[in-house]
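Structure data follow from work10.cif (mmCIF, C-alpha atoms):
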```
data_work
#
loop_
_atom_site.group_PDB
_atom_site.id
_atom_site.type_symbol
_atom_site.label_atom_id
_atom_site.label_comp_id
_atom_site.auth_asym_id
_atom_site.auth_seq_id
_atom_site.Cartn_x
_atom_site.Cartn_y
_atom_site.Cartn_z
ATOM 1 C CA MET A 1 -4.123 71.655 92.618
ATOM 2 C CA ALA A 2 -4.060 73.530 89.319
ATOM 3 C CA HIS A 3 -1.542 72.944 86.590
ATOM 4 C CA GLY A 4 -0.590 74.943 83.537
ATOM 5 C CA ILE A 5 0.324 73.505 80.169
ATOM 6 C CA LYS A 6 2.476 75.462 77.756
ATOM 7 C CA LEU A 7 2.850 74.244 74.196
ATOM 8 C CA TRP A 8 5.112 75.760 71.592
ATOM 9 C CA LEU A 9 6.434 75.168 68.113
ATOM 10 C CA GLN A 10 10.045 75.455 67.037
ATOM 11 C CA PRO A 11 11.695 77.307 65.405
ATOM 12 C CA ILE A 12 8.899 79.956 65.297
ATOM 13 C CA ALA A 13 7.908 81.058 68.781
ATOM 14 C CA LEU A 14 4.149 80.463 68.890
ATOM 15 C CA TYR A 15 3.065 80.122 72.506
ATOM 16 C CA TYR A 16 -0.168 78.845 74.014
ATOM 17 C CA SER A 17 -0.745 78.940 77.787
ATOM 18 C CA ILE A 18 -3.835 77.085 78.958
ATOM 19 C CA PRO A 19 -4.581 76.938 82.712
ATOM 20 C CA ILE A 20 -6.725 73.836 83.233
ATOM 21 C CA PRO A 21 -7.453 71.499 86.140
ATOM 22 C CA MET A 22 -5.691 68.185 85.563
ATOM 23 C CA GLU A 23 -7.164 65.901 88.223
ATOM 24 C CA GLY A 24 -9.385 63.199 86.838
ATOM 25 C CA ARG A 25 -8.878 64.232 83.214
ATOM 26 C CA LYS A 26 -7.367 62.266 80.382
ATOM 27 C CA SER A 27 -5.121 63.843 77.789
ATOM 28 C CA THR A 28 -7.363 64.809 74.886
ATOM 29 C CA SER A 29 -7.978 67.582 72.429
ATOM 30 C CA ASP A 30 -11.767 67.337 72.686
ATOM 31 C CA PRO A 31 -13.181 70.758 73.646
ATOM 32 C CA GLU A 32 -16.337 69.104 75.022
ATOM 33 C CA ARG A 33 -14.224 67.468 77.707
ATOM 34 C CA GLY A 34 -12.812 70.775 78.862
ATOM 35 C CA ILE A 35 -9.577 70.962 76.862
ATOM 36 C CA PRO A 36 -9.666 73.139 73.746
ATOM 37 C CA LYS A 37 -7.987 72.130 70.506
ATOM 38 C CA LEU A 38 -4.877 74.024 69.473
ATOM 39 C CA THR A 39 -4.875 75.944 66.243
ATOM 40 C CA ALA A 40 -2.221 77.971 64.487
ATOM 41 C CA GLY A 41 -1.978 80.058 61.345
ATOM 42 C CA PRO A 42 -0.449 78.740 58.119
ATOM 43 C CA ILE A 43 2.988 77.302 58.793
ATOM 44 C CA CYS A 44 5.638 76.434 56.221
ATOM 45 C CA GLY A 45 8.259 73.762 56.761
ATOM 46 C CA MET A 46 8.619 71.271 59.582
ATOM 47 C CA TYR A 47 8.212 72.084 63.266
ATOM 48 C CA ILE A 48 8.403 70.186 66.516
ATOM 49 C CA LEU A 49 5.677 70.553 69.132
ATOM 50 C CA TYR A 50 6.949 70.823 72.699
ATOM 51 C CA ALA A 51 4.979 70.431 75.894
ATOM 52 C CA GLN A 52 5.839 71.933 79.249
ATOM 53 C CA VAL A 53 3.916 71.075 82.398
ATOM 54 C CA ASP A 54 4.424 73.557 85.219
ATOM 55 C CA ARG A 55 3.512 72.431 88.693
ATOM 56 C CA HIS A 56 3.195 75.629 90.672
ATOM 57 C CA PRO A 57 4.585 75.735 94.219
ATOM 58 C CA GLY A 58 2.001 74.917 96.845
ATOM 59 C CA ALA A 59 2.048 74.953 100.601
ATOM 60 C CA ASN A 60 4.825 72.409 100.654
ATOM 61 C CA GLY A 61 7.044 74.617 98.471
ATOM 62 C CA GLN A 62 7.012 72.163 95.569
ATOM 63 C CA GLU A 63 9.085 73.453 92.653
ATOM 64 C CA LYS A 64 8.148 73.579 88.999
ATOM 65 C CA LYS A 65 8.620 70.413 86.984
ATOM 66 C CA ARG A 66 9.227 70.338 83.240
ATOM 67 C CA VAL A 67 8.160 67.343 81.150
ATOM 68 C CA SER A 68 9.051 67.048 77.461
ATOM 69 C CA VAL A 69 7.931 64.111 75.360
ATOM 70 C CA ILE A 70 7.337 63.463 71.702
ATOM 71 C CA ASP A 71 3.842 64.030 70.325
ATOM 72 C CA LYS A 72 2.539 60.974 68.510
ATOM 73 C CA ARG A 73 -0.274 62.980 66.920
ATOM 74 C CA LEU A 74 2.175 64.829 64.689
ATOM 75 C CA ALA A 75 3.104 63.675 61.205
ATOM 76 C CA ILE A 76 6.763 64.249 62.016
ATOM 77 C CA PRO A 77 8.704 60.949 62.404
ATOM 78 C CA TYR A 78 9.275 59.967 66.023
ATOM 79 C CA TYR A 79 13.048 59.794 65.613
ATOM 80 C CA GLU A 80 13.158 63.406 64.369
ATOM 81 C CA GLN A 81 11.080 64.590 67.330
ATOM 82 C CA LEU A 82 13.296 62.706 69.777
ATOM 83 C CA ALA A 83 16.484 64.022 68.172
ATOM 84 C CA GLU A 84 15.222 67.604 68.487
ATOM 85 C CA LEU A 85 14.206 67.125 72.127
ATOM 86 C CA LEU A 86 17.650 65.735 72.925
ATOM 87 C CA ARG A 87 19.306 68.653 71.125
ATOM 88 C CA ARG A 88 17.437 71.031 73.441
ATOM 89 C CA GLN A 89 18.466 69.077 76.535
ATOM 90 C CA ILE A 90 22.090 68.938 75.383
ATOM 91 C CA GLY A 91 22.059 72.684 74.677
ATOM 92 C CA GLU A 92 20.826 73.407 78.208
ATOM 93 C CA ARG A 93 23.522 71.195 79.762
ATOM 94 C CA ILE A 94 26.254 72.728 77.599
ATOM 95 C CA ALA A 95 25.146 76.219 78.667
ATOM 96 C CA ARG A 96 25.580 75.151 82.306
ATOM 97 C CA GLY A 97 28.928 73.467 81.585
ATOM 98 C CA GLU A 98 27.693 70.073 82.748
ATOM 99 C CA VAL A 99 28.878 66.653 81.622
ATOM 100 C CA TYR A 100 25.760 65.012 80.212
ATOM 101 C CA ARG A 101 25.370 61.287 79.848
ATOM 102 C CA LEU A 102 22.216 60.591 77.876
ATOM 103 C CA PRO A 103 19.655 58.115 79.201
ATOM 104 C CA SER A 104 20.025 54.576 77.880
ATOM 105 C CA GLU A 105 18.221 53.425 74.747
ATOM 106 C CA ASN A 106 15.864 51.353 76.912
ATOM 107 C CA GLU A 107 15.082 54.333 79.160
ATOM 108 C CA LEU A 108 14.416 56.659 76.211
ATOM 109 C CA ALA A 109 12.209 54.017 74.562
ATOM 110 C CA ARG A 110 10.205 53.553 77.776
ATOM 111 C CA ARG A 111 9.921 57.271 78.481
ATOM 112 C CA HIS A 112 8.586 58.127 75.030
ATOM 113 C CA GLY A 113 6.700 54.916 74.289
ATOM 114 C CA ILE A 114 8.687 54.116 71.155
ATOM 115 C CA SER A 115 10.883 51.260 69.967
ATOM 116 C CA ARG A 116 14.617 50.960 70.605
ATOM 117 C CA ALA A 117 15.163 50.998 66.852
ATOM 118 C CA THR A 118 13.562 54.455 66.698
ATOM 119 C CA VAL A 119 15.711 55.657 69.606
ATOM 120 C CA ARG A 120 18.809 54.277 67.910
ATOM 121 C CA HIS A 121 17.876 56.117 64.706
ATOM 122 C CA ALA A 122 17.635 59.414 66.630
ATOM 123 C CA LEU A 123 20.991 58.821 68.319
ATOM 124 C CA ASP A 124 22.571 58.000 64.953
ATOM 125 C CA VAL A 125 21.385 61.380 63.648
ATOM 126 C CA LEU A 126 22.822 63.204 66.675
ATOM 127 C CA GLU A 127 26.142 61.389 66.379
ATOM 128 C CA ARG A 128 26.346 62.109 62.657
ATOM 129 C CA ASP A 129 25.744 65.805 63.316
ATOM 130 C CA GLY A 130 28.364 65.951 66.080
ATOM 131 C CA TRP A 131 26.000 66.434 69.020
ATOM 132 C CA ILE A 132 26.983 63.257 70.852
ATOM 133 C CA TYR A 133 29.621 60.575 70.898
ATOM 134 C CA ARG A 134 29.276 56.958 71.966
ATOM 135 C CA GLU A 135 31.513 54.721 74.039
ATOM 136 C CA LYS A 136 30.921 51.033 73.542
ATOM 137 C CA GLY A 137 29.548 49.428 76.687
ATOM 138 C CA VAL A 138 29.323 52.788 78.479
ATOM 139 C CA GLY A 139 26.706 54.956 76.799
ATOM 140 C CA SER A 140 26.110 58.104 74.776
ATOM 141 C CA PHE A 141 27.547 61.433 75.880
ATOM 142 C CA ALA A 142 27.068 65.024 74.804
ATOM 143 C CA ALA A 143 30.102 67.006 73.772
ATOM 144 C CA VAL A 144 29.909 69.475 76.638
ATOM 145 C CA ARG A 145 32.673 71.946 75.890
ATOM 146 C CA ARG A 146 33.329 72.668 72.227
ATOM 147 C CA VAL A 147 36.439 74.475 71.119
ATOM 148 C CA GLU A 148 35.857 77.329 68.689
ATOM 149 C CA HIS A 149 38.719 78.428 66.449
ATOM 150 C CA GLU A 150 38.777 81.699 64.538
ATOM 151 C CA LEU A 151 40.290 80.875 61.157
ATOM 152 C CA THR A 152 41.534 84.408 60.545
ATOM 153 C CA ARG A 153 44.101 84.145 63.377
ATOM 154 C CA LEU A 154 47.429 82.340 63.023
ATOM 155 C CA VAL A 155 48.067 80.930 66.480
ATOM 156 C CA SER A 156 49.396 77.607 67.726
ATOM 157 C CA THR A 157 47.058 75.181 69.466
ATOM 158 C CA THR A 158 49.096 75.506 72.672
ATOM 159 C CA GLU A 159 48.875 79.300 72.667
ATOM 160 C CA ASP A 160 45.177 79.173 71.783
ATOM 161 C CA MET A 161 44.316 76.906 74.728
ATOM 162 C CA ARG A 162 46.501 78.950 77.101
ATOM 163 C CA GLN A 163 44.667 82.134 76.146
ATOM 164 C CA ARG A 164 41.384 80.428 76.962
ATOM 165 C CA GLY A 165 42.738 79.301 80.323
ATOM 166 C CA TRP A 166 42.317 75.634 79.411
ATOM 167 C CA ALA A 167 44.769 72.874 80.220
ATOM 168 C CA LEU A 168 46.238 71.286 77.087
ATOM 169 C CA VAL A 169 48.216 68.059 77.145
ATOM 170 C CA SER A 170 50.333 67.127 74.127
ATOM 171 C CA LYS A 171 51.543 63.553 73.612
ATOM 172 C CA VAL A 172 54.185 62.775 71.004
ATOM 173 C CA VAL A 173 52.918 59.809 68.983
ATOM 174 C CA SER A 174 55.953 59.621 66.690
ATOM 175 C CA LEU A 175 58.916 61.590 65.339
ATOM 176 C CA GLU A 176 61.006 60.567 62.369
ATOM 177 C CA GLN A 177 63.132 62.064 59.629
ATOM 178 C CA VAL A 178 62.252 60.943 56.096
ATOM 179 C CA ILE A 179 62.579 61.972 52.475
ATOM 180 C CA ALA A 180 59.700 64.367 51.818
ATOM 181 C CA PRO A 181 56.771 62.708 50.002
ATOM 182 C CA PRO A 182 55.935 64.449 46.697
ATOM 183 C CA HIS A 183 52.885 66.349 48.015
ATOM 184 C CA VAL A 184 54.836 67.566 51.048
ATOM 185 C CA ALA A 185 57.808 68.589 48.914
ATOM 186 C CA ARG A 186 55.510 70.614 46.670
ATOM 187 C CA ALA A 187 53.853 72.349 49.612
ATOM 188 C CA LEU A 188 57.194 73.199 51.245
ATOM 189 C CA GLU A 189 58.874 74.056 47.929
ATOM 190 C CA LEU A 190 61.618 71.479 48.486
ATOM 191 C CA GLY A 191 63.820 69.788 45.915
ATOM 192 C CA GLU A 192 63.803 66.083 45.161
ATOM 193 C CA GLY A 193 65.349 64.037 47.964
ATOM 194 C CA ALA A 194 65.011 66.785 50.603
ATOM 195 C CA ARG A 195 64.438 65.487 54.104
ATOM 196 C CA VAL A 196 61.758 66.529 56.562
ATOM 197 C CA TYR A 197 60.917 65.829 60.169
ATOM 198 C CA VAL A 198 57.485 64.240 60.611
ATOM 199 C CA LEU A 199 56.131 65.011 64.071
ATOM 200 C CA CYS A 200 52.809 63.451 65.069
ATOM 201 C CA ARG A 201 51.168 64.647 68.283
ATOM 202 C CA LEU A 202 47.883 63.953 70.057
ATOM 203 C CA ARG A 203 46.338 67.071 71.634
ATOM 204 C CA ILE A 204 44.135 66.526 74.699
ATOM 205 C CA VAL A 205 41.745 68.986 76.410
ATOM 206 C CA ASP A 206 39.542 68.210 79.438
ATOM 207 C CA ASP A 207 41.058 64.701 79.575
ATOM 208 C CA ALA A 208 39.624 63.889 76.143
ATOM 209 C CA PRO A 209 41.433 63.776 72.784
ATOM 210 C CA LEU A 210 40.790 66.855 70.661
ATOM 211 C CA CYS A 211 42.898 66.335 67.543
ATOM 212 C CA VAL A 212 45.799 64.523 65.916
ATOM 213 C CA GLN A 213 48.354 66.814 64.282
ATOM 214 C CA THR A 214 51.129 65.718 61.941
ATOM 215 C CA ALA A 215 53.678 68.442 61.175
ATOM 216 C CA HIS A 216 56.200 68.159 58.322
ATOM 217 C CA LEU A 217 59.214 70.431 58.875
ATOM 218 C CA PRO A 218 62.211 70.906 56.534
ATOM 219 C CA ALA A 219 65.127 69.230 58.324
ATOM 220 C CA HIS A 220 67.614 71.891 57.250
ATOM 221 C CA LEU A 221 65.536 74.611 58.945
ATOM 222 C CA CYS A 222 65.309 72.893 62.338
ATOM 223 C CA PRO A 223 68.336 70.608 62.827
ATOM 224 C CA ALA A 224 68.370 68.281 65.850
ATOM 225 C CA LEU A 225 64.661 68.815 66.399
ATOM 226 C CA GLU A 226 64.504 65.624 68.449
ATOM 227 C CA GLU A 227 66.621 67.244 71.184
ATOM 228 C CA ASN A 228 63.815 69.640 72.113
ATOM 229 C CA ASP A 229 60.723 69.359 74.274
ATOM 230 C CA LEU A 230 58.052 68.663 71.682
ATOM 231 C CA THR A 231 55.129 68.573 74.113
ATOM 232 C CA SER A 232 54.983 72.375 74.322
ATOM 233 C CA SER A 233 54.333 75.014 71.647
ATOM 234 C CA LEU A 234 56.018 74.087 68.369
ATOM 235 C CA TYR A 235 55.589 77.611 67.005
ATOM 236 C CA ARG A 236 57.367 79.099 69.994
ATOM 237 C CA LEU A 237 60.195 76.580 69.597
ATOM 238 C CA LEU A 238 60.633 77.406 65.900
ATOM 239 C CA GLU A 239 60.765 81.115 66.685
ATOM 240 C CA SER A 240 62.949 81.036 69.797
ATOM 241 C CA ARG A 241 65.522 78.370 68.872
ATOM 242 C CA TYR A 242 65.568 78.418 65.088
ATOM 243 C CA GLY A 243 64.781 82.065 64.428
ATOM 244 C CA LEU A 244 61.798 81.259 62.201
ATOM 245 C CA ARG A 245 59.227 83.973 62.714
ATOM 246 C CA LEU A 246 55.913 82.522 61.555
ATOM 247 C CA TRP A 247 53.923 85.096 59.665
ATOM 248 C CA THR A 248 51.199 83.803 57.354
ATOM 249 C CA ALA A 249 49.494 80.526 56.459
ATOM 250 C CA GLN A 250 47.158 78.975 53.916
ATOM 251 C CA GLU A 251 44.681 76.408 55.220
ATOM 252 C CA THR A 252 42.259 73.995 53.569
ATOM 253 C CA LEU A 253 39.392 72.284 55.417
ATOM 254 C CA ARG A 254 37.544 69.087 54.515
ATOM 255 C CA ALA A 255 34.876 67.094 56.320
ATOM 256 C CA ARG A 256 35.261 63.310 56.274
ATOM 257 C CA GLY A 257 35.104 60.194 58.406
ATOM 258 C CA ALA A 258 37.829 59.086 60.814
ATOM 259 C CA THR A 259 40.166 56.331 59.667
ATOM 260 C CA HIS A 260 40.781 53.315 61.876
ATOM 261 C CA TRP A 261 44.089 54.774 63.119
ATOM 262 C CA GLU A 262 42.599 58.221 63.777
ATOM 263 C CA ALA A 263 39.571 56.747 65.525
ATOM 264 C CA ARG A 264 41.798 54.765 67.886
ATOM 265 C CA LEU A 265 43.756 57.875 68.893
ATOM 266 C CA LEU A 266 40.738 60.168 69.140
ATOM 267 C CA GLN A 267 38.636 57.568 70.980
ATOM 268 C CA VAL A 268 35.764 57.702 68.508
ATOM 269 C CA ARG A 269 34.303 55.065 66.251
ATOM 270 C CA GLU A 270 35.792 54.474 62.828
ATOM 271 C CA GLY A 271 33.985 56.661 60.309
ATOM 272 C CA ALA A 272 32.911 59.213 62.944
ATOM 273 C CA PRO A 273 32.713 62.773 61.543
ATOM 274 C CA VAL A 274 35.983 64.704 61.746
ATOM 275 C CA MET A 275 37.347 67.895 60.249
ATOM 276 C CA TYR A 276 40.555 67.391 58.286
ATOM 277 C CA THR A 277 42.784 70.426 57.708
ATOM 278 C CA GLU A 278 45.936 71.050 55.687
ATOM 279 C CA ARG A 279 48.018 74.132 56.463
ATOM 280 C CA VAL A 280 51.181 75.565 54.985
ATOM 281 C CA THR A 281 52.807 78.096 57.288
ATOM 282 C CA TYR A 282 55.322 80.650 56.031
ATOM 283 C CA ALA A 283 58.044 82.585 57.817
ATOM 284 C CA SER A 284 58.230 86.377 57.573
ATOM 285 C CA THR A 285 60.789 85.868 54.778
ATOM 286 C CA GLY A 286 58.175 83.994 52.701
ATOM 287 C CA VAL A 287 59.871 80.605 53.138
ATOM 288 C CA PRO A 288 57.504 77.650 53.835
ATOM 289 C CA VAL A 289 58.274 76.331 57.310
ATOM 290 C CA GLU A 290 55.569 73.783 58.105
ATOM 291 C CA TYR A 291 53.111 71.556 56.281
ATOM 292 C CA LEU A 292 50.538 70.524 58.877
ATOM 293 C CA GLU A 293 47.860 67.850 58.594
ATOM 294 C CA ALA A 294 45.347 67.844 61.448
ATOM 295 C CA VAL A 295 42.279 65.766 62.238
ATOM 296 C CA TRP A 296 39.808 67.385 64.659
ATOM 297 C CA ARG A 297 36.962 65.633 66.421
ATOM 298 C CA GLY A 298 33.700 66.817 64.895
ATOM 299 C CA ASP A 299 31.900 66.657 68.242
ATOM 300 C CA ARG A 300 34.385 68.914 70.040
ATOM 301 C CA TYR A 301 35.717 71.499 67.621
ATOM 302 C CA ASP A 302 34.130 74.329 65.647
ATOM 303 C CA PHE A 303 35.773 76.536 63.019
ATOM 304 C CA LYS A 304 34.607 80.130 62.947
ATOM 305 C CA VAL A 305 35.074 82.663 60.143
ATOM 306 C CA THR A 306 34.145 86.346 60.244
ATOM 307 C CA LEU A 307 32.901 87.511 56.849
ATOM 308 C CA SER A 308 32.404 91.010 55.507
ATOM 309 C CA ARG A 309 30.724 92.151 52.331
ATOM 310 C CA PRO A 310 33.107 93.989 49.954
ATOM 311 C CA PRO A 311 32.206 97.570 49.054
ATOM 312 C CA SER A 312 30.097 97.833 45.903
#
```
Just give me the structure as structure tokens.
Amino acid sequence: MAHGIKLWLQPIALYYSIPIPMEGRKSTSDPERGIPKLTAGPICGMYILYAQVDRHPGANGQEKKRVSVIDKRLAIPYYEQLAELLRRQIGERIARGEVYRLPSENELARRHGISRATVRHALDVLERDGWIYREKGVGSFAAVRRVEHELTRLVSTTEDMRQRGWALVSKVVSLEQVIAPPHVARALELGEGARVYVLCRLRIVDDAPLCVQTAHLPAHLCPALEENDLTSSLYRLLESRYGLRLWTAQETLRARGATHWEARLLQVREGAPVMYTERVTYASTGVPVEYLEAVWRGDRYDFKVTLSRPPS
């Protein structure tokens, strides 16, 4: 039976297809043993070498089989090669909408012939970059469905998920009325001693926590807020019951690590990457209506901005 080997470098698409008989041969780059060496033109930067073995269908209808392993001949650290291979696998699963539980550290170490410490280093890189999340005693998982938010649109989280056709569950963590802290009073343009409602909610999509949102609302603009259903769209409630037509907003984004309290609610480890946002939303009259603090899971949420170059 004949096999074909395809090798390629990322991110530049340089392809080599070499049909060679595999039976009785050892993996080598010695041309005298029937396998030519691979050469490429000058390359700048760092690249990963991938190998694909295609087993062509025979009489028994055997399907193609893909094998991807790290290449120990390269100068690139093993953990970087493994991290890139796993990124490719995760990308393929995400494209198919599959829930992907990564192989265990022991399995990855055995498969690639490397130490568990090296595997752990690769997984740390993927977790830091938001590609995976870990559950203690369970394993490592890829963030299959990421939520993408266009920052140029002012829309509530509930309305946004409904437009996507996704099921959103909102859980009220706490609701209280307090004297506005100084930074909240400044944002909402309130006088000293003014009171605000502080509404904290956990937003859940696909049975997994997506974000924690804490809204500060001037009490005089939405009296008896506690009498309403606060698990649905807050923006719709403010507009329909209190006549506050939300019009514009200013938002600030910061990347940081999750606090202990945030990590417990979001079901991530303490210090896991999150996106923290502050938003001040204004009514059509120009009056500040809401000061919102939100913490989004870095492995499940993307912010998107459309940019245009101003005319010269």
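Of note, atom CA of A:Ala187 and atom CA of A:Leu217 are spaced 10.9 Å apart.
Residues matching the PyMOL selection byres ((chain A and resi 204-212) around 7) in this structure come to A:Ala167, A:Leu168, A:Val169, A:Ser170, A:Arg201, A:Leu202, A:Arg203, A:Gln213, A:Thr214, A:Leu266, A:Ala294, A:Val295, A:Trp296, A:Arg297, A:Arg300.
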Taking all atoms of stretch 216-223 of chain A that the file lists, what box with edges along x, y and z, padded by 5 Å per side, do you get, with centre and edge lengths in Å to one decimal, as lines of an AutoDock Vina configuration file?
```
center_x = 62.3
center_y = 71.4
center_z = 59.7
size_x = 22.1
size_y = 16.5
size_z = 16.3
```
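Nearest to A:Ala83 of all the residues A:Ala194, A:Ala185, A:Leu175, A:Ile132 is A:Ile132, based on only C-alpha atoms.
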Residues within 7 Å of A:Tyr79, only C-alpha atoms, excluding chain neighbours under 2 positions, as JSON, numbers by chain: {"A": [77, 81, 82, 83, 118, 119, 121, 122]}
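The residues that lie within 8 Å of the point (66.7, 75.9, 60.1), counting all atoms listed in the file, are A:Pro218, A:Ala219, A:His220, A:Leu221, A:Cys222, A:Pro223, A:Tyr242, A:Gly243, A:Leu244.
Put simply, atom CA of A:His216 is 12.2 Å away from atom CA of A:Glu189.
Here atom CA of A:Tyr291 stands at a distance of 11.5 Å from atom CA of A:Leu190.
Evaluated against this file, the PyMOL selection byres ((chain A and resi 182) around 12) yields Val178, Ile179, Ala180, Pro181, His183, Val184, Ala185, Arg186, Ala187, Leu188, Glu189, Leu190, Gly191, Glu192, Gly193, Ala194, Arg195 and Val196 of chain A.
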From the options A:Pro103, A:Pro288, A:Pro310, A:Gly271, which residue's atoms come nearest to A:Glu127, counting all atoms listed in the file? A:Gly271
Within 12 Å of A:Glu239 using all atoms listed in the file, minus same-chain residues under 2 positions, as a PDB file with C-alpha atoms, keeping the file's coordinate frame:
```pdb
ATOM      1  CA  SER A 156      49.396  77.607  67.726  1.00  0.00           C
ATOM      2  CA  LEU A 221      65.536  74.611  58.945  1.00  0.00           C
ATOM      3  CA  CYS A 222      65.309  72.893  62.338  1.00  0.00           C
ATOM      4  CA  SER A 233      54.333  75.014  71.647  1.00  0.00           C
ATOM      5  CA  LEU A 234      56.018  74.087  68.369  1.00  0.00           C
ATOM      6  CA  TYR A 235      55.589  77.611  67.005  1.00  0.00           C
ATOM      7  CA  ARG A 236      57.367  79.099  69.994  1.00  0.00           C
ATOM      8  CA  LEU A 237      60.195  76.580  69.597  1.00  0.00           C
ATOM      9  CA  ARG A 241      65.522  78.370  68.872  1.00  0.00           C
ATOM     10  CA  TYR A 242      65.568  78.418  65.088  1.00  0.00           C
ATOM     11  CA  GLY A 243      64.781  82.065  64.428  1.00  0.00           C
ATOM     12  CA  LEU A 244      61.798  81.259  62.201  1.00  0.00           C
ATOM     13  CA  ARG A 245      59.227  83.973  62.714  1.00  0.00           C
ATOM     14  CA  LEU A 246      55.913  82.522  61.555  1.00  0.00           C
ATOM     15  CA  TRP A 247      53.923  85.096  59.665  1.00  0.00           C
ATOM     16  CA  TYR A 282      55.322  80.650  56.031  1.00  0.00           C
ATOM     17  CA  ALA A 283      58.044  82.585  57.817  1.00  0.00           C
ATOM     18  CA  SER A 284      58.230  86.377  57.573  1.00  0.00           C
ATOM     19  CA  VAL A 289      58.274  76.331  57.310  1.00  0.00           C
TER      20      VAL A 289
END
```
Taking the file as I've supplied it (selection: the PyMOL selection byres ((chain A and resi 278) around 6)), which residues are included? Please answer as a list of chain:residue names. A:Glu251, A:Thr252, A:Thr277, A:Arg279, A:Leu292, A:Glu293
Taking C-alpha atoms for each residue, export the selection above as a short mmCIF file (atom, residue, chain, number, x, y, z; two decimals), in the coordinates of the input.
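Below is the file out04.cif, written as the result:
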```cif
data_model
loop_
_atom_site.label_atom_id
_atom_site.label_comp_id
_atom_site.auth_asym_id
_atom_site.auth_seq_id
_atom_site.Cartn_x
_atom_site.Cartn_y
_atom_site.Cartn_z
CA GLU A 251 44.68 76.41 55.22
CA THR A 252 42.26 74.00 53.57
CA THR A 277 42.78 70.43 57.71
CA ARG A 279 48.02 74.13 56.46
CA LEU A 292 50.54 70.52 58.88
CA GLU A 293 47.86 67.85 58.59
#
```
